[in-house]
Every structure is written in structure tokens, then in C-alpha cells.
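Chemist: My structure file run-v4.cif, mmCIF, N, CA and C atoms, is below:
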```
data_input
loop_
_atom_site.label_atom_id
_atom_site.label_comp_id
_atom_site.auth_asym_id
_atom_site.auth_seq_id
_atom_site.Cartn_x
_atom_site.Cartn_y
_atom_site.Cartn_z
N MET A 21 0.80 -1.19 0.00
CA MET A 21 0.00 0.00 0.00
C MET A 21 0.85 1.26 0.00
N ASP A 22 2.12 1.19 0.54
CA ASP A 22 2.93 2.39 0.64
C ASP A 22 3.48 2.84 -0.71
N LYS A 23 3.49 2.00 -1.73
CA LYS A 23 3.98 2.38 -3.06
C LYS A 23 2.82 2.60 -4.03
N GLU A 24 1.71 2.89 -3.52
CA GLU A 24 0.52 3.06 -4.35
C GLU A 24 0.62 4.25 -5.29
N TRP A 25 1.31 5.32 -4.83
CA TRP A 25 1.40 6.53 -5.62
C TRP A 25 2.70 6.64 -6.41
N GLN A 26 3.54 5.62 -6.39
CA GLN A 26 4.81 5.66 -7.09
C GLN A 26 4.59 5.47 -8.59
N ILE A 27 5.24 6.30 -9.38
CA ILE A 27 5.12 6.24 -10.84
C ILE A 27 6.48 5.87 -11.41
N ASP A 28 6.52 4.89 -12.28
CA ASP A 28 7.76 4.46 -12.92
C ASP A 28 7.79 5.06 -14.33
N LEU A 29 8.62 6.08 -14.52
CA LEU A 29 8.67 6.78 -15.80
C LEU A 29 9.68 6.19 -16.78
N LYS A 30 10.56 5.30 -16.34
CA LYS A 30 11.59 4.68 -17.18
C LYS A 30 12.52 5.72 -17.79
N ILE A 31 12.91 6.71 -17.01
CA ILE A 31 13.85 7.74 -17.45
C ILE A 31 15.25 7.31 -17.03
N PRO A 32 16.21 7.31 -17.96
CA PRO A 32 17.58 6.92 -17.57
C PRO A 32 18.20 7.98 -16.66
N ASP A 33 19.24 7.57 -15.96
CA ASP A 33 19.95 8.45 -15.03
C ASP A 33 20.80 9.44 -15.84
N ILE A 34 20.33 10.67 -15.94
CA ILE A 34 21.00 11.68 -16.75
C ILE A 34 22.37 12.04 -16.17
N GLY A 35 22.48 12.13 -14.86
CA GLY A 35 23.76 12.45 -14.22
C GLY A 35 24.82 11.41 -14.52
N ALA A 36 24.45 10.14 -14.44
CA ALA A 36 25.40 9.06 -14.75
C ALA A 36 25.77 9.09 -16.22
N MET A 37 24.80 9.39 -17.07
CA MET A 37 25.09 9.44 -18.50
C MET A 37 26.07 10.57 -18.83
N LEU A 38 25.89 11.75 -18.22
CA LEU A 38 26.80 12.86 -18.46
C LEU A 38 28.19 12.56 -17.91
N THR A 39 28.25 11.93 -16.74
CA THR A 39 29.54 11.57 -16.16
C THR A 39 30.28 10.55 -17.03
N LEU A 40 29.58 9.55 -17.48
CA LEU A 40 30.20 8.53 -18.33
C LEU A 40 30.66 9.12 -19.66
N PHE A 41 29.85 10.01 -20.23
CA PHE A 41 30.24 10.65 -21.48
C PHE A 41 31.47 11.53 -21.28
N ALA A 42 31.52 12.26 -20.16
CA ALA A 42 32.67 13.11 -19.87
C ALA A 42 33.94 12.27 -19.69
N PHE A 43 33.83 11.14 -18.98
CA PHE A 43 34.99 10.26 -18.82
C PHE A 43 35.44 9.70 -20.16
N ALA A 44 34.49 9.33 -21.01
CA ALA A 44 34.85 8.78 -22.32
C ALA A 44 35.56 9.83 -23.17
N MET A 45 35.05 11.04 -23.20
CA MET A 45 35.66 12.10 -24.02
C MET A 45 37.03 12.50 -23.47
N CYS A 46 37.16 12.66 -22.17
CA CYS A 46 38.46 13.01 -21.58
C CYS A 46 39.48 11.91 -21.83
N SER A 47 39.06 10.67 -21.70
CA SER A 47 39.97 9.55 -21.89
C SER A 47 40.47 9.47 -23.33
N VAL A 48 39.59 9.66 -24.29
CA VAL A 48 40.03 9.56 -25.69
C VAL A 48 40.92 10.74 -26.06
N ILE A 49 40.65 11.92 -25.56
CA ILE A 49 41.49 13.08 -25.87
C ILE A 49 42.88 12.93 -25.24
N ILE A 50 42.93 12.54 -23.98
CA ILE A 50 44.23 12.38 -23.30
C ILE A 50 45.01 11.22 -23.91
N GLY A 51 44.34 10.11 -24.21
CA GLY A 51 45.02 8.96 -24.81
C GLY A 51 45.61 9.28 -26.18
N ALA A 52 44.85 9.98 -27.01
CA ALA A 52 45.36 10.36 -28.33
C ALA A 52 46.51 11.35 -28.21
N ALA A 53 46.42 12.27 -27.25
CA ALA A 53 47.51 13.23 -27.05
C ALA A 53 48.78 12.53 -26.57
N GLU A 54 48.65 11.52 -25.72
CA GLU A 54 49.82 10.78 -25.26
C GLU A 54 50.50 10.04 -26.40
N ILE A 55 49.71 9.43 -27.25
CA ILE A 55 50.30 8.71 -28.39
C ILE A 55 50.99 9.68 -29.34
N ALA A 56 50.35 10.81 -29.61
CA ALA A 56 50.96 11.82 -30.48
C ALA A 56 52.25 12.36 -29.87
N TYR A 57 52.27 12.56 -28.57
CA TYR A 57 53.46 13.06 -27.88
C TYR A 57 54.59 12.05 -27.95
N THR A 58 54.28 10.78 -27.78
CA THR A 58 55.31 9.73 -27.86
C THR A 58 55.87 9.64 -29.27
N VAL A 59 55.01 9.72 -30.27
CA VAL A 59 55.47 9.69 -31.66
C VAL A 59 56.35 10.90 -31.95
N MET A 60 55.98 12.05 -31.38
CA MET A 60 56.78 13.26 -31.57
C MET A 60 58.17 13.09 -30.95
N TRP A 61 58.24 12.48 -29.75
CA TRP A 61 59.54 12.21 -29.12
C TRP A 61 60.40 11.34 -30.01
N ILE A 62 59.83 10.25 -30.49
CA ILE A 62 60.60 9.30 -31.30
C ILE A 62 61.05 9.95 -32.60
N THR A 63 60.17 10.72 -33.23
CA THR A 63 60.54 11.39 -34.48
C THR A 63 61.64 12.42 -34.25
N ALA A 64 61.53 13.19 -33.18
CA ALA A 64 62.56 14.19 -32.88
C ALA A 64 63.90 13.52 -32.58
N ALA A 65 63.87 12.40 -31.88
CA ALA A 65 65.12 11.69 -31.59
C ALA A 65 65.72 11.11 -32.85
N TYR A 66 64.88 10.63 -33.76
CA TYR A 66 65.39 10.08 -35.02
C TYR A 66 66.00 11.18 -35.89
N VAL A 67 65.33 12.33 -35.95
CA VAL A 67 65.86 13.44 -36.74
C VAL A 67 67.18 13.92 -36.17
N ARG A 68 67.28 13.95 -34.85
CA ARG A 68 68.50 14.45 -34.20
C ARG A 68 69.65 13.46 -34.31
N ASN A 69 69.38 12.16 -34.13
CA ASN A 69 70.45 11.16 -34.04
C ASN A 69 70.61 10.32 -35.30
N GLY A 70 69.69 10.34 -36.20
CA GLY A 70 69.80 9.57 -37.43
C GLY A 70 69.46 8.10 -37.21
N LYS A 71 69.98 7.26 -38.10
CA LYS A 71 69.67 5.83 -38.06
C LYS A 71 70.22 5.14 -36.82
N ASP A 72 71.26 5.69 -36.24
CA ASP A 72 71.88 5.07 -35.07
C ASP A 72 70.96 5.04 -33.86
N PHE A 73 69.96 5.91 -33.86
CA PHE A 73 69.04 5.94 -32.73
C PHE A 73 68.26 4.63 -32.60
N PHE A 74 67.79 4.07 -33.69
CA PHE A 74 67.05 2.81 -33.62
C PHE A 74 67.95 1.65 -33.22
N ILE A 75 69.22 1.72 -33.60
CA ILE A 75 70.17 0.70 -33.16
C ILE A 75 70.38 0.80 -31.65
N ASP A 76 70.42 2.03 -31.12
CA ASP A 76 70.53 2.22 -29.67
C ASP A 76 69.31 1.66 -28.94
N LEU A 77 68.14 1.79 -29.53
CA LEU A 77 66.94 1.24 -28.90
C LEU A 77 66.96 -0.28 -28.87
N ILE A 78 67.49 -0.88 -29.92
CA ILE A 78 67.53 -2.34 -29.99
C ILE A 78 68.63 -2.91 -29.10
N ASN A 79 69.81 -2.26 -29.08
CA ASN A 79 70.95 -2.72 -28.31
C ASN A 79 70.79 -2.27 -26.86
N ALA A 80 70.43 -3.19 -26.00
CA ALA A 80 70.14 -2.85 -24.61
C ALA A 80 71.38 -2.62 -23.76
N GLN A 81 72.56 -2.94 -24.27
CA GLN A 81 73.76 -2.81 -23.46
C GLN A 81 74.39 -1.44 -23.56
N ALA A 82 74.13 -0.72 -24.62
CA ALA A 82 74.77 0.59 -24.81
C ALA A 82 73.72 1.66 -25.08
N LEU A 83 72.85 1.88 -24.12
CA LEU A 83 71.80 2.86 -24.30
C LEU A 83 72.32 4.28 -24.06
N THR A 84 71.98 5.17 -24.98
CA THR A 84 72.31 6.58 -24.77
C THR A 84 71.23 7.20 -23.89
N TRP A 85 71.43 8.45 -23.54
CA TRP A 85 70.44 9.13 -22.70
C TRP A 85 69.10 9.22 -23.42
N THR A 86 69.12 9.52 -24.70
CA THR A 86 67.88 9.66 -25.47
C THR A 86 67.13 8.34 -25.54
N ALA A 87 67.85 7.26 -25.73
CA ALA A 87 67.20 5.95 -25.79
C ALA A 87 66.58 5.58 -24.45
N GLU A 88 67.27 5.86 -23.36
CA GLU A 88 66.70 5.61 -22.03
C GLU A 88 65.44 6.43 -21.82
N PHE A 89 65.50 7.67 -22.24
CA PHE A 89 64.36 8.58 -22.11
C PHE A 89 63.15 8.05 -22.88
N ILE A 90 63.37 7.63 -24.10
CA ILE A 90 62.27 7.12 -24.93
C ILE A 90 61.73 5.81 -24.37
N ILE A 91 62.59 4.94 -23.91
CA ILE A 91 62.13 3.64 -23.41
C ILE A 91 61.34 3.80 -22.11
N VAL A 92 61.86 4.55 -21.16
CA VAL A 92 61.20 4.67 -19.85
C VAL A 92 59.94 5.52 -19.95
N ALA A 93 60.09 6.76 -20.36
CA ALA A 93 58.94 7.66 -20.40
C ALA A 93 57.94 7.25 -21.49
N GLY A 94 58.45 6.79 -22.61
CA GLY A 94 57.55 6.37 -23.69
C GLY A 94 56.72 5.15 -23.35
N SER A 95 57.33 4.18 -22.68
CA SER A 95 56.57 2.99 -22.31
C SER A 95 55.51 3.31 -21.25
N LEU A 96 55.83 4.20 -20.31
CA LEU A 96 54.83 4.63 -19.34
C LEU A 96 53.69 5.38 -20.01
N LEU A 97 54.03 6.25 -20.96
CA LEU A 97 52.99 6.99 -21.67
C LEU A 97 52.11 6.07 -22.51
N LEU A 98 52.69 5.12 -23.18
CA LEU A 98 51.89 4.21 -24.01
C LEU A 98 51.02 3.30 -23.15
N THR A 99 51.52 2.86 -22.01
CA THR A 99 50.70 2.07 -21.10
C THR A 99 49.54 2.90 -20.57
N SER A 100 49.81 4.14 -20.23
CA SER A 100 48.76 5.03 -19.77
C SER A 100 47.73 5.27 -20.88
N ALA A 101 48.18 5.43 -22.11
CA ALA A 101 47.26 5.64 -23.23
C ALA A 101 46.37 4.43 -23.45
N ILE A 102 46.94 3.24 -23.33
CA ILE A 102 46.13 2.02 -23.47
C ILE A 102 45.07 1.95 -22.39
N LEU A 103 45.45 2.29 -21.16
CA LEU A 103 44.45 2.30 -20.08
C LEU A 103 43.40 3.39 -20.27
N PHE A 104 43.80 4.53 -20.82
CA PHE A 104 42.81 5.56 -21.13
C PHE A 104 41.82 5.08 -22.19
N PHE A 105 42.31 4.39 -23.21
CA PHE A 105 41.40 3.86 -24.23
C PHE A 105 40.51 2.75 -23.66
N LEU A 106 41.03 1.97 -22.74
CA LEU A 106 40.21 0.97 -22.06
C LEU A 106 39.13 1.64 -21.21
N THR A 107 39.50 2.73 -20.55
CA THR A 107 38.53 3.50 -19.77
C THR A 107 37.44 4.05 -20.68
N MET A 108 37.83 4.56 -21.85
CA MET A 108 36.86 5.06 -22.80
C MET A 108 35.90 3.97 -23.24
N SER A 109 36.44 2.80 -23.53
CA SER A 109 35.59 1.69 -24.00
C SER A 109 34.60 1.26 -22.92
N VAL A 110 35.09 1.11 -21.69
CA VAL A 110 34.21 0.71 -20.60
C VAL A 110 33.15 1.78 -20.34
N SER A 111 33.54 3.05 -20.44
CA SER A 111 32.59 4.15 -20.23
C SER A 111 31.50 4.14 -21.28
N LEU A 112 31.87 3.88 -22.52
CA LEU A 112 30.86 3.85 -23.58
C LEU A 112 29.92 2.65 -23.44
N VAL A 113 30.47 1.52 -23.04
CA VAL A 113 29.62 0.34 -22.81
C VAL A 113 28.65 0.61 -21.67
N GLU A 114 29.15 1.18 -20.59
CA GLU A 114 28.29 1.51 -19.45
C GLU A 114 27.27 2.59 -19.81
N LEU A 115 27.67 3.54 -20.63
CA LEU A 115 26.75 4.58 -21.08
C LEU A 115 25.60 3.98 -21.88
N ASN A 116 25.91 3.05 -22.74
CA ASN A 116 24.87 2.37 -23.51
C ASN A 116 23.98 1.55 -22.59
N ARG A 117 24.58 0.92 -21.62
CA ARG A 117 23.81 0.10 -20.67
C ARG A 117 22.85 0.95 -19.84
N VAL A 118 23.33 2.11 -19.39
CA VAL A 118 22.48 3.00 -18.60
C VAL A 118 21.36 3.57 -19.47
N ALA A 119 21.68 3.94 -20.70
CA ALA A 119 20.69 4.56 -21.57
C ALA A 119 19.61 3.57 -22.01
N LYS A 120 19.97 2.35 -22.26
CA LYS A 120 19.01 1.37 -22.80
C LYS A 120 18.23 0.62 -21.73
N LYS A 121 18.93 0.14 -20.72
CA LYS A 121 18.29 -0.78 -19.78
C LYS A 121 17.94 -0.15 -18.44
N ASN A 122 18.27 1.12 -18.28
CA ASN A 122 17.95 1.83 -17.04
C ASN A 122 18.55 1.13 -15.82
N LYS A 123 19.83 0.80 -15.93
CA LYS A 123 20.55 0.13 -14.84
C LYS A 123 21.57 1.09 -14.24
N ASP A 124 22.09 0.73 -13.08
CA ASP A 124 23.15 1.50 -12.47
C ASP A 124 24.47 1.20 -13.17
N ALA A 125 25.31 2.21 -13.28
CA ALA A 125 26.61 2.05 -13.92
C ALA A 125 27.65 1.60 -12.89
N HIS A 126 28.68 0.94 -13.38
CA HIS A 126 29.79 0.52 -12.53
C HIS A 126 30.82 1.65 -12.50
N MET A 127 30.53 2.68 -11.73
CA MET A 127 31.38 3.86 -11.69
C MET A 127 32.72 3.59 -11.02
N LYS A 128 32.77 2.68 -10.07
CA LYS A 128 34.03 2.41 -9.36
C LYS A 128 35.08 1.86 -10.32
N ILE A 129 34.67 1.03 -11.27
CA ILE A 129 35.60 0.48 -12.25
C ILE A 129 36.15 1.59 -13.12
N ILE A 130 35.27 2.47 -13.57
CA ILE A 130 35.69 3.56 -14.45
C ILE A 130 36.58 4.55 -13.71
N PHE A 131 36.20 4.91 -12.49
CA PHE A 131 37.03 5.80 -11.69
C PHE A 131 38.40 5.16 -11.43
N GLY A 132 38.42 3.87 -11.16
CA GLY A 132 39.68 3.17 -10.91
C GLY A 132 40.58 3.16 -12.12
N LEU A 133 40.03 2.83 -13.29
CA LEU A 133 40.83 2.83 -14.51
C LEU A 133 41.36 4.22 -14.85
N PHE A 134 40.51 5.22 -14.70
CA PHE A 134 40.93 6.59 -14.98
C PHE A 134 42.01 7.04 -14.01
N SER A 135 41.86 6.68 -12.73
CA SER A 135 42.86 7.06 -11.73
C SER A 135 44.21 6.38 -11.99
N ILE A 136 44.18 5.11 -12.32
CA ILE A 136 45.42 4.39 -12.63
C ILE A 136 46.10 5.00 -13.85
N SER A 137 45.31 5.36 -14.85
CA SER A 137 45.85 5.99 -16.06
C SER A 137 46.49 7.33 -15.74
N MET A 138 45.83 8.12 -14.89
CA MET A 138 46.39 9.42 -14.53
C MET A 138 47.67 9.26 -13.71
N ILE A 139 47.72 8.26 -12.83
CA ILE A 139 48.93 8.01 -12.04
C ILE A 139 50.08 7.62 -12.96
N LEU A 140 49.82 6.77 -13.96
CA LEU A 140 50.87 6.41 -14.92
C LEU A 140 51.32 7.61 -15.73
N LEU A 141 50.39 8.49 -16.08
CA LEU A 141 50.76 9.70 -16.81
C LEU A 141 51.65 10.60 -15.96
N ILE A 142 51.31 10.76 -14.71
CA ILE A 142 52.12 11.58 -13.80
C ILE A 142 53.51 10.95 -13.61
N MET A 143 53.55 9.62 -13.47
CA MET A 143 54.84 8.94 -13.34
C MET A 143 55.69 9.12 -14.59
N ALA A 144 55.05 9.10 -15.78
CA ALA A 144 55.79 9.29 -17.02
C ALA A 144 56.37 10.70 -17.09
N LEU A 145 55.59 11.68 -16.70
CA LEU A 145 56.09 13.06 -16.75
C LEU A 145 57.19 13.30 -15.72
N ILE A 146 57.05 12.71 -14.54
CA ILE A 146 58.09 12.86 -13.52
C ILE A 146 59.37 12.14 -13.96
N SER A 147 59.22 10.96 -14.55
CA SER A 147 60.42 10.25 -15.03
C SER A 147 61.08 11.00 -16.18
N ALA A 148 60.28 11.65 -17.03
CA ALA A 148 60.87 12.45 -18.11
C ALA A 148 61.66 13.61 -17.55
N ILE A 149 61.13 14.27 -16.54
CA ILE A 149 61.85 15.38 -15.91
C ILE A 149 63.10 14.86 -15.20
N ALA A 150 62.96 13.74 -14.50
CA ALA A 150 64.09 13.19 -13.77
C ALA A 150 65.20 12.74 -14.72
N LEU A 151 64.86 12.10 -15.82
CA LEU A 151 65.88 11.67 -16.77
C LEU A 151 66.53 12.85 -17.47
N ARG A 152 65.79 13.91 -17.66
CA ARG A 152 66.32 15.07 -18.36
C ARG A 152 67.28 15.90 -17.50
N TYR A 153 66.92 16.12 -16.25
CA TYR A 153 67.66 17.07 -15.43
C TYR A 153 68.52 16.45 -14.34
N PHE A 154 68.45 15.16 -14.11
CA PHE A 154 69.26 14.54 -13.05
C PHE A 154 70.25 13.58 -13.61
#
```
Could you write out this structure as C-alpha cells?
Modeler:
Amino acid sequence: MDKEWQIDLKIPDIGAMLTLFAFAMCSVIIGAAEIAYTVMWITAAYVRNGKDFFIDLINAQALTWTAEFIIVAGSLLLTSAILFFLTMSVSLVELNRVAKKNKDAHMKIIFGLFSISMILLIMALISAIALRYF
């Protein structure tokens, strides 16, 4: 009897949809920027050092400073970009799920993936500064 006046309108959660869309857009923009930045690093190192730069990357025993920089900071950036794209994919799947089936989204998973990606991005930037100036 207490739910006699309750009306079920089947309206999706607009706040969750906006949050998921914002996470998806931020993740794809940051992930694409990280990949472009890594490609720019590699291209600049190749232009500066010539063909010998790729030999330095392959030969793990005689790494120059530039090769160490590209391997450490670049691998952290690419790992972060992959996690950002994974965050985007999960956000879009959850956005579709919320919009169609009127279910609750798994926000903790998305927040966790985004946080891990941001931590890896910060670690990459700190390692780039540390390798450059120390």
C-alpha cells in the first residue's frame, strides 16, 4: 500500500550518462595526445640522431640518454594511453547500458581505470623530468 502513488517513468539516469560521457571524451582526448606526444619524441630523436638511434633502442647494453628517455617515459605513456582507451571503452559500454536498460553504472571500475591511467601519466612526466635534469 505504501507504493501506491509511485510512478515508474523509465527515465535513464542523466547524471550518470553525463559523467560517463565526460569520462569517455576526456579519456580519448588524453590517450590520443599521449600517443601523439610519444610519436613526436621518437621522431625528434630520429631526426636528431639519425639511423643510429634505432640501433641504440635495440641494443640494450649501450643505451644513450635519449634511448633511455624514450624507453622509460615512452613505455609509461603508451601504457597510460592504453588504459585511457580501455577507460573510454568501458565508459561507452556503461553509457549504452544506462541509456538502454535503465541500470546503475559501474562507476568504481571507471574511476579506478581513470585514476590508474592518470597516475601512470604523472609517473611518465616525472620520469621524463628526472631523466632530463638529473
Chemist: At what distance in Å, to one decimal, does atom CA of A:Leu133 lie from atom CA of A:Met108?
Modeler: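 It comes out at 9.5 Å.
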Chemist: To one decimal place, how far is atom CA of A:Met127 from atom CA of A:Lys23 in Å?
Modeler: 28.8 Å
Chemist: Closest to A:Leu151 among A:Thr39, A:Thr86, A:Thr107, A:Asn79, using only C-alpha atoms?
Modeler: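 Under the stated criterion, the closest residue is A:Thr86.
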Chemist: Within 8 Å of stretch 146-150 of chain A, counting only C-alpha atoms, which residues show up once you throw out same-chain ones fewer than 3 positions away? Write them as a PDB file with N, CA and C atoms, in the frame of the given file, please.
Modeler:
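Result written to around_28.pdb:
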```pdb
ATOM      1  N   PHE A  89      65.500   7.670 -22.240  1.00  0.00           N
ATOM      2  CA  PHE A  89      64.360   8.580 -22.110  1.00  0.00           C
ATOM      3  C   PHE A  89      63.150   8.050 -22.880  1.00  0.00           C
ATOM      4  N   VAL A  92      61.860   4.550 -21.160  1.00  0.00           N
ATOM      5  CA  VAL A  92      61.200   4.670 -19.850  1.00  0.00           C
ATOM      6  C   VAL A  92      59.940   5.520 -19.950  1.00  0.00           C
ATOM      7  N   ALA A  93      60.090   6.760 -20.360  1.00  0.00           N
ATOM      8  CA  ALA A  93      58.940   7.660 -20.400  1.00  0.00           C
ATOM      9  C   ALA A  93      57.940   7.250 -21.490  1.00  0.00           C
ATOM     10  N   ILE A 142      51.310  10.760 -14.710  1.00  0.00           N
ATOM     11  CA  ILE A 142      52.120  11.580 -13.800  1.00  0.00           C
ATOM     12  C   ILE A 142      53.510  10.950 -13.610  1.00  0.00           C
ATOM     13  N   MET A 143      53.550   9.620 -13.470  1.00  0.00           N
ATOM     14  CA  MET A 143      54.840   8.940 -13.340  1.00  0.00           C
ATOM     15  C   MET A 143      55.690   9.120 -14.590  1.00  0.00           C
ATOM     16  N   TYR A 153      66.920  16.120 -16.250  1.00  0.00           N
ATOM     17  CA  TYR A 153      67.660  17.070 -15.430  1.00  0.00           C
ATOM     18  C   TYR A 153      68.520  16.450 -14.340  1.00  0.00           C
ATOM     19  N   PHE A 154      68.450  15.160 -14.110  1.00  0.00           N
ATOM     20  CA  PHE A 154      69.260  14.540 -13.050  1.00  0.00           C
ATOM     21  C   PHE A 154      70.250  13.580 -13.610  1.00  0.00           C
TER      22      PHE A 154
END
```
Chemist: Starting from the PyMOL selection byres ((chain A and resi 134) around 8), expand the selection into actual residues of this file and give them as number ranges by chain.
Modeler: A: 43, 47, 103-104, 106-108, 128-133, 135-140
Chemist: Can you work out the spacing between atom N of A:Phe105 and atom N of A:Ala42 in Å, to one decimal?
Modeler: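 A separation of 13.7 Å between them.
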Chemist: Kindly indicate which residue among A:Met37, A:Ala101, A:Arg152, A:Leu141 lies nearest to A:Ala52, using all atoms listed in the file for the distances.
Modeler: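 Nearest to A:Ala52: A:Ala101.
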Chemist: Can you give me, as a list of chain:residue names, the residues this file yields under the PyMOL selection byres (((chain A and resi 112 and name CA) around 10) and name CA)?
Modeler: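 After applying the PyMOL selection byres (((chain A and resi 112 and name CA) around 10) and name CA), what remains is A:Met37, A:Leu40, A:Phe41, A:Phe43, A:Ala44, A:Met45, A:Leu106, A:Thr107, A:Met108, A:Ser109, A:Val110, A:Ser111, A:Val113, A:Glu114, A:Leu115, A:Asn116, A:Arg117, A:Val118.
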Chemist: At a cut-off of 8 Å, using only N, CA and C atoms, what residues contact A:Pro32? Leave out same-chain residues fewer than 5 positions from it and give the result as number ranges by chain.
Modeler: A: 37, 118-123
Chemist: Using backbone DSSP assignments, extract all helix (DSSP H, G or I) residues from chain A; output them as a ChimeraX atom specification.
Modeler: /A:34-69,72-78,85-121,127-153
Chemist: Measuring atom to atom with only C-alpha atoms, identify which of A:Val48, A:Trp25, A:Leu77, A:Trp85 is nearest to A:Ile102.
Modeler: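 Counting only C-alpha atoms, the residue closest to A:Ile102 is A:Val48.
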